[in-house]
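Structure data (mmCIF, C-alpha atoms) from start10.cif:
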```
data_upload
#
loop_
_atom_site.group_PDB
_atom_site.id
_atom_site.type_symbol
_atom_site.label_atom_id
_atom_site.label_comp_id
_atom_site.auth_asym_id
_atom_site.auth_seq_id
_atom_site.Cartn_x
_atom_site.Cartn_y
_atom_site.Cartn_z
ATOM 1 C CA MET A 1 119.742 17.417 -170.823
ATOM 2 C CA LEU A 2 123.480 16.820 -170.483
ATOM 3 C CA LYS A 3 122.841 14.691 -167.401
ATOM 4 C CA ARG A 4 120.326 12.586 -169.367
ATOM 5 C CA ILE A 5 122.790 12.131 -172.278
ATOM 6 C CA GLY A 6 125.478 11.104 -169.807
ATOM 7 C CA THR A 7 123.147 8.568 -168.197
ATOM 8 C CA VAL A 8 122.146 7.118 -171.592
ATOM 9 C CA ALA A 9 125.809 6.857 -172.553
ATOM 10 C CA LEU A 10 126.671 5.037 -169.317
ATOM 11 C CA VAL A 11 123.775 2.621 -169.777
ATOM 12 C CA GLY A 12 124.941 1.946 -173.346
ATOM 13 C CA LEU A 13 128.515 1.294 -172.229
ATOM 14 C CA ALA A 14 127.294 -1.014 -169.471
ATOM 15 C CA ALA A 15 125.211 -2.979 -172.001
ATOM 16 C CA LEU A 16 128.206 -3.328 -174.298
ATOM 17 C CA ALA A 17 130.357 -4.497 -171.396
ATOM 18 C CA LEU A 18 127.795 -7.130 -170.398
ATOM 19 C CA ALA A 19 127.422 -8.290 -173.998
ATOM 20 C CA GLY A 20 131.194 -8.652 -174.249
ATOM 21 C CA THR A 21 131.293 -10.724 -171.087
ATOM 22 C CA ALA A 22 128.483 -13.010 -172.225
ATOM 23 C CA GLY A 23 130.271 -13.832 -175.471
ATOM 24 C CA ALA A 24 133.757 -14.008 -173.996
ATOM 25 C CA ARG A 25 136.096 -16.532 -175.616
ATOM 26 C CA GLY A 26 139.233 -15.514 -173.773
ATOM 27 C CA GLY A 27 139.523 -18.463 -171.431
ATOM 28 C CA ARG A 28 139.262 -18.874 -167.671
ATOM 29 C CA TYR A 29 142.339 -17.919 -165.717
ATOM 30 C CA VAL A 30 143.636 -16.138 -162.648
ATOM 31 C CA PHE A 31 146.833 -14.166 -162.293
ATOM 32 C CA ASP A 32 149.648 -14.728 -159.860
ATOM 33 C CA GLY A 33 151.618 -11.479 -159.863
ATOM 34 C CA GLY A 34 152.043 -8.856 -162.522
ATOM 35 C CA THR A 35 150.913 -5.259 -162.741
ATOM 36 C CA PRO A 36 147.473 -4.282 -164.071
ATOM 37 C CA ARG A 37 149.160 -3.244 -167.331
ATOM 38 C CA GLN A 38 150.953 -6.604 -167.673
ATOM 39 C CA GLN A 39 147.751 -8.494 -166.901
ATOM 40 C CA ALA A 40 145.944 -6.408 -169.524
ATOM 41 C CA GLN A 41 148.540 -7.470 -172.126
ATOM 42 C CA VAL A 42 147.709 -11.123 -171.435
ATOM 43 C CA ARG A 43 143.976 -10.471 -171.676
ATOM 44 C CA VAL A 44 144.202 -8.691 -175.014
ATOM 45 C CA ALA A 45 146.603 -11.355 -176.337
ATOM 46 C CA LEU A 46 143.974 -14.036 -175.748
ATOM 47 C CA ASP A 47 141.004 -11.901 -176.787
ATOM 48 C CA VAL A 48 142.510 -10.973 -180.170
ATOM 49 C CA SER A 49 142.597 -14.657 -181.167
ATOM 50 C CA ALA A 50 139.567 -16.213 -182.886
ATOM 51 C CA PHE A 51 140.145 -19.430 -180.937
ATOM 52 C CA ASN A 52 137.611 -20.184 -178.208
ATOM 53 C CA TRP A 53 139.921 -20.604 -175.215
ATOM 54 C CA ASN A 54 136.868 -21.383 -173.067
ATOM 55 C CA VAL A 55 136.936 -24.949 -174.398
ATOM 56 C CA VAL A 56 139.724 -25.618 -171.886
ATOM 57 C CA PRO A 57 137.767 -27.062 -168.936
ATOM 58 C CA ALA A 58 139.882 -25.547 -166.183
ATOM 59 C CA THR A 59 140.878 -22.278 -164.584
ATOM 60 C CA ILE A 60 144.501 -21.678 -165.515
ATOM 61 C CA VAL A 61 146.935 -19.958 -163.154
ATOM 62 C CA ILE A 62 149.071 -17.463 -165.077
ATOM 63 C CA HIS A 63 152.237 -16.535 -163.198
ATOM 64 C CA LEU A 64 153.732 -13.200 -164.252
ATOM 65 C CA GLN A 65 157.332 -12.961 -163.076
ATOM 66 C CA LYS A 66 160.278 -10.916 -164.221
ATOM 67 C CA GLY A 67 163.148 -13.098 -165.427
ATOM 68 C CA SER A 68 161.070 -16.286 -165.502
ATOM 69 C CA ASP A 69 161.220 -18.685 -168.396
ATOM 70 C CA THR A 70 158.028 -18.496 -170.456
ATOM 71 C CA TYR A 71 156.468 -21.960 -170.492
ATOM 72 C CA ALA A 72 153.429 -24.010 -169.529
ATOM 73 C CA THR A 73 152.583 -27.066 -167.471
ATOM 74 C CA LYS A 74 149.122 -28.546 -167.018
ATOM 75 C CA GLY A 75 146.950 -25.880 -165.430
ATOM 76 C CA GLU A 76 149.711 -23.279 -165.156
ATOM 77 C CA ILE A 77 151.542 -20.801 -167.364
ATOM 78 C CA TRP A 78 154.665 -18.788 -166.539
ATOM 79 C CA ILE A 79 155.348 -15.603 -168.483
ATOM 80 C CA ASP A 80 158.393 -13.380 -168.216
ATOM 81 C CA THR A 81 157.079 -9.858 -167.660
ATOM 82 C CA THR A 82 159.981 -8.543 -169.724
ATOM 83 C CA LEU A 83 158.349 -10.226 -172.719
ATOM 84 C CA LEU A 84 155.062 -8.454 -171.972
ATOM 85 C CA SER A 85 156.822 -5.089 -172.142
ATOM 86 C CA ALA A 86 157.240 -5.781 -175.885
ATOM 87 C CA GLY A 87 153.496 -5.184 -176.326
ATOM 88 C CA THR A 88 151.952 -6.750 -179.431
ATOM 89 C CA PHE A 89 155.071 -8.867 -180.029
ATOM 90 C CA ALA A 90 154.197 -10.837 -176.874
ATOM 91 C CA TRP A 91 150.652 -11.735 -177.919
ATOM 92 C CA GLY A 92 151.616 -14.696 -180.126
ATOM 93 C CA PRO A 93 153.811 -16.281 -177.425
ATOM 94 C CA VAL A 94 151.036 -15.808 -174.832
ATOM 95 C CA GLN A 95 148.608 -17.615 -177.160
ATOM 96 C CA HIS A 96 151.252 -20.307 -177.728
ATOM 97 C CA GLU A 97 151.493 -21.019 -173.999
ATOM 98 C CA TYR A 98 147.708 -21.134 -173.574
ATOM 99 C CA ALA A 99 147.536 -23.484 -176.567
ATOM 100 C CA HIS A 100 149.520 -25.971 -174.483
ATOM 101 C CA GLN A 101 146.505 -26.085 -172.141
ATOM 102 C CA VAL A 102 144.390 -27.233 -175.097
ATOM 103 C CA ASP A 103 146.888 -30.069 -175.503
ATOM 104 C CA PHE A 104 147.075 -30.912 -171.786
ATOM 105 C CA PHE A 105 143.326 -30.948 -171.140
ATOM 106 C CA LEU A 106 141.672 -31.907 -174.420
ATOM 107 C CA LEU A 107 143.875 -34.024 -176.686
ATOM 108 C CA THR A 108 144.077 -37.797 -176.446
ATOM 109 C CA ASP A 109 147.292 -39.752 -176.937
ATOM 110 C CA ASP A 110 146.000 -40.967 -180.316
ATOM 111 C CA GLN A 111 145.297 -37.389 -181.385
ATOM 112 C CA ARG A 112 148.755 -36.293 -180.255
ATOM 113 C CA ALA A 113 150.324 -39.078 -182.281
ATOM 114 C CA GLN A 114 148.312 -38.041 -185.353
ATOM 115 C CA LEU A 115 149.197 -34.378 -184.902
ATOM 116 C CA ASN A 116 152.851 -35.174 -184.296
ATOM 117 C CA THR A 117 153.034 -36.911 -187.676
ATOM 118 C CA LEU A 118 151.082 -34.223 -189.518
ATOM 119 C CA LEU A 119 153.034 -31.351 -187.948
ATOM 120 C CA GLY A 120 156.441 -32.933 -188.482
ATOM 121 C CA GLY A 121 157.487 -33.429 -184.867
ATOM 122 C CA LYS A 122 160.230 -35.888 -183.945
ATOM 123 C CA VAL A 123 158.558 -36.571 -180.599
ATOM 124 C CA TRP A 124 155.457 -34.978 -179.099
ATOM 125 C CA SER A 125 156.911 -33.494 -175.955
ATOM 126 C CA HIS A 126 159.853 -33.271 -173.609
ATOM 127 C CA ASP A 127 160.018 -34.792 -170.150
ATOM 128 C CA ALA A 128 159.774 -32.860 -166.902
ATOM 129 C CA SER A 129 163.542 -32.330 -166.720
ATOM 130 C CA THR A 130 163.434 -30.188 -169.881
ATOM 131 C CA ALA A 131 160.103 -28.436 -169.276
ATOM 132 C CA ALA A 132 161.475 -25.026 -170.217
ATOM 133 C CA LEU A 133 163.224 -26.228 -173.383
ATOM 134 C CA HIS A 134 163.666 -23.353 -175.823
ATOM 135 C CA GLY A 135 166.900 -24.346 -177.530
ATOM 136 C CA PRO A 136 167.514 -25.691 -181.044
ATOM 137 C CA ASP A 137 165.417 -28.814 -180.365
ATOM 138 C CA HIS A 138 162.299 -26.790 -179.524
ATOM 139 C CA ALA A 139 160.940 -26.937 -183.086
ATOM 140 C CA SER A 140 161.381 -30.721 -183.225
ATOM 141 C CA LEU A 141 158.677 -31.206 -180.596
ATOM 142 C CA GLY A 142 155.175 -31.829 -181.895
ATOM 143 C CA ALA A 143 153.628 -30.110 -178.868
ATOM 144 C CA GLU A 144 155.510 -26.906 -179.645
ATOM 145 C CA ARG A 145 154.626 -27.067 -183.330
ATOM 146 C CA PHE A 146 150.986 -27.596 -182.327
ATOM 147 C CA ALA A 147 150.971 -24.573 -179.999
ATOM 148 C CA SER A 148 152.631 -22.274 -182.540
ATOM 149 C CA THR A 149 150.375 -23.459 -185.363
ATOM 150 C CA LEU A 150 147.278 -22.866 -183.241
ATOM 151 C CA ALA A 151 148.474 -19.360 -182.321
ATOM 152 C CA TRP A 152 149.046 -18.501 -185.986
ATOM 153 C CA ALA A 153 145.958 -20.262 -187.419
ATOM 154 C CA TYR A 154 143.587 -18.241 -185.235
ATOM 155 C CA TRP A 155 145.363 -14.875 -185.327
ATOM 156 C CA GLN A 156 146.686 -14.372 -188.836
ATOM 157 C CA SER A 157 148.011 -10.875 -188.433
ATOM 158 C CA GLY A 158 151.227 -9.335 -189.636
ATOM 159 C CA ALA A 159 151.644 -8.291 -186.005
ATOM 160 C CA ASN A 160 151.753 -11.926 -184.849
ATOM 161 C CA SER A 161 155.379 -12.667 -183.964
ATOM 162 C CA LEU A 162 154.674 -16.340 -184.699
ATOM 163 C CA LYS A 163 153.799 -15.626 -188.328
ATOM 164 C CA PRO A 164 155.895 -18.110 -190.325
ATOM 165 C CA ALA A 165 158.778 -16.644 -192.274
ATOM 166 C CA SER A 166 159.696 -19.969 -193.894
ATOM 167 C CA LYS A 167 158.325 -23.476 -194.316
ATOM 168 C CA LYS A 168 160.645 -24.643 -191.541
ATOM 169 C CA ASP A 169 159.037 -22.457 -188.870
ATOM 170 C CA GLU A 170 156.970 -24.143 -186.143
ATOM 171 C CA SER A 171 153.806 -22.299 -187.151
ATOM 172 C CA ALA A 172 154.191 -23.309 -190.815
ATOM 173 C CA SER A 173 153.571 -26.971 -190.038
ATOM 174 C CA MET A 174 150.085 -26.981 -191.564
ATOM 175 C CA ALA A 175 147.989 -24.527 -193.567
ATOM 176 C CA PRO A 176 145.687 -22.620 -191.182
ATOM 177 C CA PRO A 177 142.361 -23.666 -192.802
ATOM 178 C CA ARG A 178 143.330 -27.331 -192.708
ATOM 179 C CA PHE A 179 144.565 -27.047 -189.116
ATOM 180 C CA ARG A 180 141.337 -25.359 -187.994
ATOM 181 C CA ARG A 181 139.205 -28.047 -189.655
ATOM 182 C CA LEU A 182 141.244 -30.832 -188.057
ATOM 183 C CA LEU A 183 141.158 -29.254 -184.612
ATOM 184 C CA GLU A 184 137.402 -28.679 -184.886
ATOM 185 C CA GLN A 185 136.954 -32.381 -185.658
ATOM 186 C CA MET A 186 139.215 -33.447 -182.800
ATOM 187 C CA LEU A 187 137.672 -31.180 -180.177
ATOM 188 C CA GLY A 188 134.111 -31.394 -181.436
ATOM 189 C CA VAL A 189 133.807 -27.642 -181.022
ATOM 190 C CA PRO A 190 133.438 -25.268 -183.971
ATOM 191 C CA ASN A 191 135.977 -22.480 -184.176
ATOM 192 C CA PRO A 192 135.330 -19.861 -186.828
ATOM 193 C CA ALA A 193 138.002 -18.809 -189.255
ATOM 194 C CA PRO A 194 139.635 -15.596 -188.093
ATOM 195 C CA PRO A 195 139.334 -12.465 -190.187
ATOM 196 C CA VAL A 196 142.338 -11.708 -192.344
ATOM 197 C CA VAL A 197 144.118 -8.824 -190.631
ATOM 198 C CA THR A 198 146.568 -6.650 -192.489
ATOM 199 C CA VAL A 199 148.969 -4.332 -190.755
ATOM 200 C CA GLY A 200 150.035 -1.230 -192.612
#
```
I'd like the structure from this file rewritten - as structure tokens, please.
Amino acid sequence: MLKRIGTVALVGLAALALAGTAGARGGRYVFDGGTPRQQAQVRVALDVSAFNWNVVPATIVIHLQKGSDTYATKGEIWIDTTLLSAGTFAWGPVQHEYAHQVDFFLLTDDQRAQLNTLLGGKVWSHDASTAALHGPDHASLGAERFASTLAWAYWQSGANSLKPASKKDESASMAPPRFRRLLEQMLGVPNPAPPVVTVG
């Protein structure tokens, strides 16, 4: 009897695992480096978001390196593994970097110009010589405001380190419902509103 219960339980877990894979929205990516625990932090960071990362039509290479700047270029993301050791705090920044892939692969120049105006950017992006820009000018870039707003709009949790604390914050550029509607129109792909998550 115990053997039968164990078998039924295993079959049930396998079915749940397959169902989770079929409905996965966590994006397509491969890791370069990182421990299994660090890689798991990236996976859960993307899975907790209500955004469908699978709309990015590419397999992204995620480099996990200690002491690296955390930034993205088209098709690649670099994440400092020291950041990942912060656990939940790192999830918003991971989503932010993957949001750059949405920009790189899916937005048109006209859409970037529209978003730059709506999000209050001075310019959309930096040039290659300042690819890892994280200084005081970071928030003036429309691309960074876009990535932070996307990360917040689809994971509105008190645990999200990109939750805006003031109207000047990058992620406060546009109200989440309005941002989600606009992005749905631009991408032509519906993205459901995330559940409101409270952290006690």
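Nearest-residue note for Arg145 in chain A: choosing from A:Gly121, A:Gly26, A:Pro36, A:Gly158, the minimum distance belongs to A:Gly121, counting all atoms listed in the file.
Residue membership of the PyMOL selection byres ((chain A and resi 171-175) around 8) in the shown file amounts to A:Leu118, A:Leu119, A:Gly120, A:Arg145, A:Phe146, A:Ser148, A:Thr149, A:Leu150, A:Ala151, A:Trp152, A:Ala153, A:Leu162, A:Lys163, A:Pro164, A:Ser166, A:Lys167, A:Lys168, A:Asp169, A:Glu170, A:Pro176, A:Pro177, A:Arg178, A:Phe179.
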*Nearest-residue call for Arg43 in chain A, choices A:Ala72, A:Val94, A:Ala99, A:Ile79, using all atoms listed in the file*: A:Val94
*Sphere at (146.2, -19.5, -165.8), radius 12 Å, counting only C-alpha atoms: residues as a ChimeraX atom specification*: /A:26-33,39,42-43,46,53-54,56-64,71-79,94-95,97-101
*Compare A:Ala147, A:Ser49, A:Met186, A:Leu84 by their minimum atom-to-atom distance to Asp110 in chain A, counting all atoms listed in the file, and give me the closest one.*
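Checking each candidate against Asp110 in chain A, we get A:Met186 as the closest.
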*One-decimal distance in Å that lies between CA of Val55 in chain A and CA of Val189 in chain A*: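 Between CA of Val189 in chain A and CA of Val55 in chain A the gap is 7.8 Å.
Distance-wise, CA of Ser85 in chain A and CA of Asp103 in chain A end up 27.1 Å apart.
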*Nearest residue to Gly142 in chain A from the set A:Trp155, A:Thr117, A:Ser161, A:Phe89 (distances using all atoms listed in the file)*: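 Checking each candidate against Gly142 in chain A, we get A:Thr117 as the closest.
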_Distance in Å - CA of Gln111 in chain A versus CA of Asn52 in chain A_ = 19.1 Å
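Checking A:Lys122, A:Leu115, A:Phe104, A:Ala139 one by one against Leu182 in chain A, counting all atoms listed in the file, you find the shortest gap at A:Leu115.
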Taking every listed atom of range 146-155 of chain A and adding 4 Å to each side, what centre and edge lengths in Å (one decimal) does the axis-aligned box have, as AutoDock Vina command-line options?
```
--center_x 148.1 --center_y -21.2 --center_z -183.7 --size_x 17.0 --size_y 20.7 --size_z 15.4
```
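Those residues that approach Val123 in chain A to within 8 Å, counting all atoms listed in the file, are Asn116, Ser140, Leu141 and Gly142 of chain A; same-chain residues fewer than 4 positions away are not listed.
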